[in-house]
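This is entry-v3.cif. It holds mmCIF, C-alpha atoms.
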```cif
data_start
loop_
_atom_site.label_atom_id
_atom_site.label_comp_id
_atom_site.auth_asym_id
_atom_site.auth_seq_id
_atom_site.Cartn_x
_atom_site.Cartn_y
_atom_site.Cartn_z
CA MET A 1 113.75 -36.02 -15.77
CA LYS A 2 110.84 -35.33 -18.09
CA LEU A 3 108.36 -35.83 -15.23
CA ARG A 4 110.31 -33.43 -13.01
CA ARG A 5 110.37 -30.81 -15.78
CA LEU A 6 106.59 -31.14 -16.34
CA VAL A 7 105.89 -30.67 -12.62
CA HIS A 8 108.18 -27.63 -12.56
CA LEU A 9 106.39 -26.07 -15.55
CA ALA A 10 102.99 -26.76 -13.98
CA LEU A 11 104.05 -25.02 -10.77
CA LEU A 12 105.21 -21.98 -12.74
CA ALA A 13 102.02 -21.82 -14.82
CA ALA A 14 99.59 -22.15 -11.88
CA PRO A 15 99.90 -18.52 -10.61
CA VAL A 16 99.47 -17.17 -14.16
CA ALA A 17 96.32 -19.24 -14.68
CA LEU A 18 94.94 -18.14 -11.30
CA ALA A 19 95.55 -14.47 -12.08
CA ALA A 20 93.88 -14.83 -15.47
CA ALA A 21 90.85 -16.35 -13.79
CA LEU A 22 90.58 -13.59 -11.19
CA VAL A 23 91.02 -10.61 -13.54
CA PRO A 24 87.42 -10.63 -14.88
CA LEU A 25 86.06 -10.48 -11.36
CA PHE A 26 87.70 -7.10 -10.75
CA THR A 27 86.75 -5.44 -14.01
CA PRO A 28 84.01 -2.76 -13.96
CA ARG A 29 81.68 -4.96 -15.95
CA ALA A 30 82.00 -7.77 -13.43
CA ALA A 31 81.53 -5.35 -10.54
CA ASP A 32 78.39 -4.00 -12.19
CA ALA A 33 77.12 -7.53 -12.71
CA SER A 34 77.81 -8.40 -9.07
CA ALA A 35 76.07 -5.23 -7.90
CA SER A 36 73.12 -6.01 -10.15
CA ALA A 37 72.88 -9.51 -8.73
CA ALA A 38 73.04 -8.19 -5.18
CA SER A 39 70.41 -5.60 -6.02
CA ALA A 40 68.15 -8.23 -7.52
CA SER A 41 68.62 -10.42 -4.47
CA ALA A 42 67.81 -7.54 -2.11
CA ALA A 43 64.80 -6.60 -4.21
CA SER A 44 63.53 -10.15 -4.01
CA PHE A 45 63.49 -9.82 -0.21
CA ARG A 46 61.82 -6.41 -0.32
CA ARG A 47 58.98 -7.35 -2.66
CA PRO A 48 57.10 -9.50 -0.13
CA ALA A 49 57.25 -6.61 2.36
CA ARG A 50 55.73 -4.19 -0.16
CA ALA A 51 53.15 -6.79 -1.11
CA ALA A 52 52.26 -7.30 2.56
CA GLN A 53 51.75 -3.56 3.05
CA THR A 54 49.33 -3.36 0.14
CA ALA A 55 47.68 -6.75 0.69
CA VAL A 56 45.00 -5.40 3.07
CA ASP A 57 42.08 -4.00 1.09
CA PRO A 58 39.57 -2.80 3.70
CA LYS A 59 36.73 -1.98 1.32
CA PRO A 60 35.50 -5.56 0.67
CA ILE A 61 35.87 -6.32 4.38
CA PHE A 62 33.73 -3.31 5.26
CA LEU A 63 31.09 -4.18 2.65
CA ARG A 64 30.97 -7.77 3.85
CA ASP A 65 30.98 -7.31 7.64
CA CYS A 66 29.93 -3.72 8.39
CA ALA A 67 27.75 -2.29 5.63
CA ILE A 68 24.76 -4.46 6.57
CA CYS A 69 24.33 -2.28 9.66
CA HIS A 70 26.15 0.96 8.84
CA GLY A 71 25.45 1.20 5.10
CA ASN A 72 27.81 1.25 2.14
CA ASP A 73 28.54 4.93 2.81
CA ALA A 74 28.89 4.52 6.62
CA ARG A 75 25.85 6.76 7.15
CA GLY A 76 23.78 4.21 9.00
CA THR A 77 20.75 2.01 8.40
CA PRO A 78 17.82 0.89 10.58
CA ASN A 79 20.20 -1.79 11.87
CA GLY A 80 23.06 0.47 12.92
CA PRO A 81 24.13 4.06 13.59
CA ASP A 82 25.69 6.67 11.34
CA LEU A 83 29.48 6.57 11.71
CA ARG A 84 30.09 10.21 10.85
CA GLY A 85 31.90 11.96 13.68
CA PHE A 86 32.84 8.76 15.51
CA GLY A 87 36.57 9.41 15.16
CA ARG A 88 39.52 7.07 14.94
CA ALA A 89 39.55 6.41 18.69
CA SER A 90 36.00 5.08 18.67
CA LEU A 91 36.53 2.96 15.56
CA ASP A 92 39.75 1.47 16.91
CA TYR A 93 38.16 0.78 20.31
CA GLU A 94 35.17 -1.05 18.85
CA LEU A 95 37.33 -3.22 16.58
CA SER A 96 40.16 -3.94 19.01
CA THR A 97 37.78 -5.02 21.79
CA GLY A 98 35.81 -7.28 19.46
CA ARG A 99 32.59 -5.36 20.02
CA MET A 100 32.41 -4.84 16.28
CA PRO A 101 31.52 -6.32 13.92
CA LEU A 102 28.55 -8.01 15.57
CA PRO A 103 27.94 -11.69 14.81
CA ALA A 104 24.33 -10.68 13.99
CA PRO A 105 22.56 -7.31 13.75
CA ASP A 106 20.53 -8.04 16.91
CA ALA A 107 23.45 -9.42 18.95
CA LYS A 108 24.43 -7.79 22.24
CA VAL A 109 27.40 -5.41 22.13
CA VAL A 110 29.89 -7.02 24.49
CA ARG A 111 33.63 -7.58 24.57
CA ARG A 112 34.76 -10.46 22.35
CA MET A 113 37.95 -11.69 20.78
CA PRO A 114 38.91 -9.30 17.95
CA ARG A 115 37.92 -10.70 14.58
CA TYR A 116 40.75 -9.05 12.64
CA PRO A 117 44.52 -8.85 13.15
CA ALA A 118 46.09 -5.47 13.93
CA ASP A 119 47.00 -4.57 10.34
CA VAL A 120 43.45 -5.22 9.11
CA ARG A 121 42.02 -3.16 11.98
CA ASP A 122 44.31 -0.25 11.16
CA ALA A 123 43.28 -0.38 7.52
CA LEU A 124 39.58 -0.52 8.42
CA VAL A 125 39.89 2.41 10.83
CA THR A 126 41.50 4.56 8.13
CA TYR A 127 39.00 3.48 5.48
CA VAL A 128 35.89 4.07 7.61
CA PHE A 129 37.25 7.35 8.97
CA ASP A 130 37.80 8.66 5.44
CA LEU A 131 34.50 7.24 4.18
CA ALA A 132 32.54 8.90 6.99
CA GLY A 133 34.20 12.26 6.41
CA GLY A 134 36.51 12.44 9.43
CA GLY A 135 35.86 14.19 12.73
CA GLY A 136 35.67 12.85 16.26
CA PRO A 137 38.38 12.07 18.85
CA ASP A 138 41.68 10.81 17.50
CA ILE A 139 43.56 7.83 18.97
CA PRO A 140 45.27 9.10 22.16
CA VAL A 141 49.04 9.19 22.53
CA LEU A 142 50.01 7.93 25.99
CA ASP A 143 53.06 8.64 28.15
CA GLN A 144 52.94 6.12 30.98
CA GLN A 145 56.53 6.68 32.04
CA HIS A 146 55.74 10.07 33.62
CA ALA A 147 52.20 9.26 34.84
CA ASP A 148 51.24 9.85 38.49
CA LEU A 149 49.70 6.72 40.03
CA ALA A 150 48.30 8.45 43.12
CA GLN A 151 46.69 11.21 41.08
CA GLY A 152 45.26 8.59 38.75
CA GLY A 153 43.68 6.78 41.70
CA GLU A 154 42.03 9.97 42.91
CA LEU A 155 40.64 10.72 39.46
CA PHE A 156 39.41 7.15 39.04
CA ARG A 157 37.54 7.19 42.35
CA LEU A 158 35.95 10.54 41.49
CA ASN A 159 34.90 9.76 37.92
CA CYS A 160 34.88 5.99 37.37
CA ALA A 161 34.39 4.04 40.60
CA ALA A 162 30.66 4.82 40.82
CA CYS A 163 30.05 2.52 37.84
CA HIS A 164 33.11 0.29 37.59
CA ALA A 165 33.57 -0.12 41.39
CA TRP A 166 36.61 1.05 43.30
CA SER A 167 38.44 -2.14 42.29
CA GLY A 168 37.62 -1.80 38.58
CA ARG A 169 35.75 -5.10 38.59
CA GLY A 170 32.52 -3.60 37.30
CA GLY A 171 29.14 -2.98 38.85
CA ALA A 172 25.41 -2.95 38.26
CA LEU A 173 23.48 0.00 36.83
CA LEU A 174 19.79 0.46 36.04
CA ALA A 175 19.08 -2.33 33.53
CA ARG A 176 22.77 -2.17 32.54
CA GLU A 177 26.04 -3.58 33.71
CA ALA A 178 29.27 -1.59 33.84
CA PRO A 179 32.01 -3.96 32.64
CA SER A 180 35.27 -4.70 34.38
CA THR A 181 38.19 -2.51 33.37
CA HIS A 182 40.72 -5.30 33.86
CA PRO A 183 40.69 -6.81 30.34
CA ALA A 184 41.35 -3.41 28.75
CA THR A 185 44.78 -2.49 27.42
CA PRO A 186 46.17 0.98 28.24
CA LEU A 187 45.16 2.28 24.81
CA GLN A 188 41.67 0.81 25.05
CA THR A 189 41.21 2.45 28.46
CA ALA A 190 42.28 5.83 27.08
CA GLU A 191 40.02 5.45 24.04
CA ALA A 192 37.02 4.52 26.21
CA ILE A 193 37.56 7.62 28.38
CA ARG A 194 37.67 9.89 25.35
CA VAL A 195 34.76 8.42 23.35
CA GLY A 196 32.43 7.04 26.04
CA PRO A 197 31.26 3.75 24.53
CA GLY A 198 27.73 2.57 25.26
CA MET A 199 26.21 4.23 28.36
CA MET A 200 29.56 5.60 29.51
CA PRO A 201 29.97 9.39 29.28
CA ALA A 202 32.80 10.77 27.18
CA PHE A 203 35.51 12.78 28.95
CA GLY A 204 37.06 15.41 26.70
CA GLU A 205 40.24 17.31 27.43
CA ALA A 206 38.26 19.95 29.33
CA ALA A 207 37.23 17.26 31.85
CA ILE A 208 40.40 15.14 31.85
CA THR A 209 43.58 16.63 30.44
CA PRO A 210 46.07 14.52 28.48
CA ARG A 211 48.32 14.41 31.56
CA GLN A 212 45.43 13.26 33.75
CA LEU A 213 44.49 10.70 31.12
CA ASP A 214 47.95 9.16 31.50
CA ASP A 215 47.45 9.10 35.28
CA VAL A 216 44.06 7.35 35.11
CA VAL A 217 45.30 4.79 32.58
CA LYS A 218 48.26 3.95 34.78
CA TYR A 219 45.99 3.47 37.80
CA VAL A 220 43.57 1.27 35.85
CA GLN A 221 46.51 -0.95 34.89
CA TYR A 222 47.72 -0.99 38.51
CA ILE A 223 44.44 -2.22 40.02
CA ARG A 224 44.54 -5.29 37.80
CA HIS A 225 47.21 -6.67 40.16
CA PRO A 226 47.44 -4.30 43.15
CA ARG A 227 50.04 -4.69 45.89
CA ASN A 228 48.10 -5.72 49.01
CA ARG A 229 49.98 -4.47 52.07
CA GLY A 230 48.31 -6.76 54.59
CA GLY A 231 45.20 -8.77 55.35
CA TYR A 232 43.09 -10.89 53.08
CA ARG A 233 41.67 -9.17 50.03
CA LEU A 234 38.25 -10.89 50.21
CA TRP A 235 37.83 -10.79 46.44
CA PHE A 236 37.91 -6.95 46.51
CA ILE A 237 34.19 -6.79 47.29
CA GLY A 238 34.51 -3.47 49.12
CA PRO A 239 35.03 -2.09 52.66
CA LEU A 240 31.40 -2.44 53.79
CA ALA A 241 31.20 -6.08 52.77
CA GLU A 242 34.65 -6.76 54.22
CA GLY A 243 33.59 -5.18 57.51
CA GLY A 244 30.44 -7.31 57.49
CA VAL A 245 32.46 -10.46 56.96
CA ALA A 246 34.78 -9.47 59.82
CA TRP A 247 31.84 -8.92 62.19
CA ILE A 248 29.98 -12.08 61.17
CA VAL A 249 33.04 -14.31 61.34
CA GLY A 250 34.42 -12.63 64.46
CA MET A 251 31.15 -12.68 66.40
CA GLY A 252 30.43 -16.20 65.22
CA LEU A 253 33.74 -17.42 66.58
CA LEU A 254 33.14 -15.63 69.89
CA LEU A 255 29.72 -17.28 70.23
CA VAL A 256 31.16 -20.71 69.44
CA VAL A 257 33.99 -20.27 71.97
CA THR A 258 31.57 -18.95 74.62
CA ARG A 259 29.25 -21.90 74.07
CA TRP A 260 32.14 -24.32 74.25
CA ILE A 261 33.41 -22.83 77.50
CA GLY A 262 29.93 -22.91 79.06
CA THR A 263 29.32 -26.51 77.99
CA GLY A 264 32.71 -27.61 79.29
CA ARG A 265 31.88 -26.47 82.81
#
```
Would you mind giving the structure from this file in structure tokens?
Amino acid sequence: MKLRRLVHLALLAAPVALAAALVPLFTPRAADASASAASASAASFRRPARAAQTAVDPKPIFLRDCAICHGNDARGTPNGPDLRGFGRASLDYELSTGRMPLPAPDAKVVRRMPRYPADVRDALVTYVFDLAGGGGPDIPVLDQQHADLAQGGELFRLNCAACHAWSGRGGALLAREAPSTHPATPLQTAEAIRVGPGMMPAFGEAAITPRQLDDVVKYVQYIRHPRNRGGYRLWFIGPLAEGGVAWIVGMGLLLVVTRWIGTGR
């Protein structure tokens, strides 16, 4: 009987004890404490993000890798040009294509793997642009969704094919070589058109409007993997060479067949 009574009392006391334990959790002080804990937890996840945004300090990178040629003030030295007036587009193009920084002051300016990740490049572009006093073409804003591929092809053949070949695979110039356009990203293509790196002329908005720039960029991306509607592409070496191959191979086969027929008789 005593055991039964103890069990009965325990069952009656359990809800009261549970309620007493839960009451502090719903008091304003407990709610504030919970909110503070949640806030602290959220802040702990946000701190690395803020640290990552401020982690890139471009000044020591510039002094280490760029100032030897361009000077501490970006105004040039005997080893490299003055960067005033280059603009964000030119700075971003040189860094994103790996042309800069050079492995040595006398190294050839060619496309390489970019030395810096995207966030470091962005920080360097802003730092050098401000250090040099601004000016120059800004990074283009592209709209490829509404670009006209046919119009881009016409503009490319009129303005670009003479150096880069109709297929975009590059060509030879006087003591220079026009590089292939195929490795370039859409933004790099647009930047090159606006700033004219190396021996390439720059095309401002008076020569190629922003809408036409979209068209040319879309065509340059298309000829990387064009849709061949028939025949063998023959490495895209051009219509004259393709015609020559057709004549040589065709006439050669005719001569062989003629010889074979004559010998057989």
**OP:** Excluding Asn159 (chain A) and residues on its chain fewer than 4 positions from it, collect all residues at most 12 Å away from it, counting only C-alpha atoms, and give them as an MDAnalysis selection string.
**Re:** chainID A and resid 152:155 163:166 168 193 200:203 207:208 212:213 216
Suppose we keep C-alpha atoms; can you now write the selection as a PDB file, in the coordinates of the input?
```pdb
ATOM      1  CA  GLY A 152      45.260   8.590  38.750  1.00  0.00           C
ATOM      2  CA  GLY A 153      43.680   6.780  41.700  1.00  0.00           C
ATOM      3  CA  GLU A 154      42.030   9.970  42.910  1.00  0.00           C
ATOM      4  CA  LEU A 155      40.640  10.720  39.460  1.00  0.00           C
ATOM      5  CA  CYS A 163      30.050   2.520  37.840  1.00  0.00           C
ATOM      6  CA  HIS A 164      33.110   0.290  37.590  1.00  0.00           C
ATOM      7  CA  ALA A 165      33.570  -0.120  41.390  1.00  0.00           C
ATOM      8  CA  TRP A 166      36.610   1.050  43.300  1.00  0.00           C
ATOM      9  CA  GLY A 168      37.620  -1.800  38.580  1.00  0.00           C
ATOM     10  CA  ILE A 193      37.560   7.620  28.380  1.00  0.00           C
ATOM     11  CA  MET A 200      29.560   5.600  29.510  1.00  0.00           C
ATOM     12  CA  PRO A 201      29.970   9.390  29.280  1.00  0.00           C
ATOM     13  CA  ALA A 202      32.800  10.770  27.180  1.00  0.00           C
ATOM     14  CA  PHE A 203      35.510  12.780  28.950  1.00  0.00           C
ATOM     15  CA  ALA A 207      37.230  17.260  31.850  1.00  0.00           C
ATOM     16  CA  ILE A 208      40.400  15.140  31.850  1.00  0.00           C
ATOM     17  CA  GLN A 212      45.430  13.260  33.750  1.00  0.00           C
ATOM     18  CA  LEU A 213      44.490  10.700  31.120  1.00  0.00           C
ATOM     19  CA  VAL A 216      44.060   7.350  35.110  1.00  0.00           C
TER      20      VAL A 216
END
```
**OP:** Return as an MDAnalysis selection string the set of residues that the PyMOL selection byres ((chain A and resi 150) around 12) yields on the displayed structure.
**Re:** chainID A and resid 147:149 151:157 212 214:220 222:223
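Pairwise distance (CA of Gly244 (chain A), CA of Arg224 (chain A)) equals 24.3 Å.
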Original post:
Which residue out of A:Val110, A:Ile139, A:Val257, A:Leu158 has the minimum interatomic distance to Thr189 (chain A) when only C-alpha atoms are used?
Top reply: A:Ile139
**OP:** Carefully work through the PyMOL selection byres ((chain A and resi 125-130) around 10) for this structure and note down the residues it includes, as a ChimeraX atom specification.
**Re:** /A:57-59,62,66,73-74,83-95,119-124,131-136
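The space separating CA of Pro101 (chain A) from CA of Pro60 (chain A) comes to 13.9 Å.
Residue nearest Arg64 (chain A), chosen from A:Pro117, A:Leu102, A:Ala206, A:Pro179 and counting all atoms listed in the file: A:Leu102.
The coordinates place CA of Cys160 (chain A) at 22.3 Å from CA of Gly98 (chain A).
If all atoms listed in the file are the atoms counted, then among A:Gly198, A:Pro137, A:Gly80, A:Pro183 the closest residue to Val109 (chain A) is A:Gly198.
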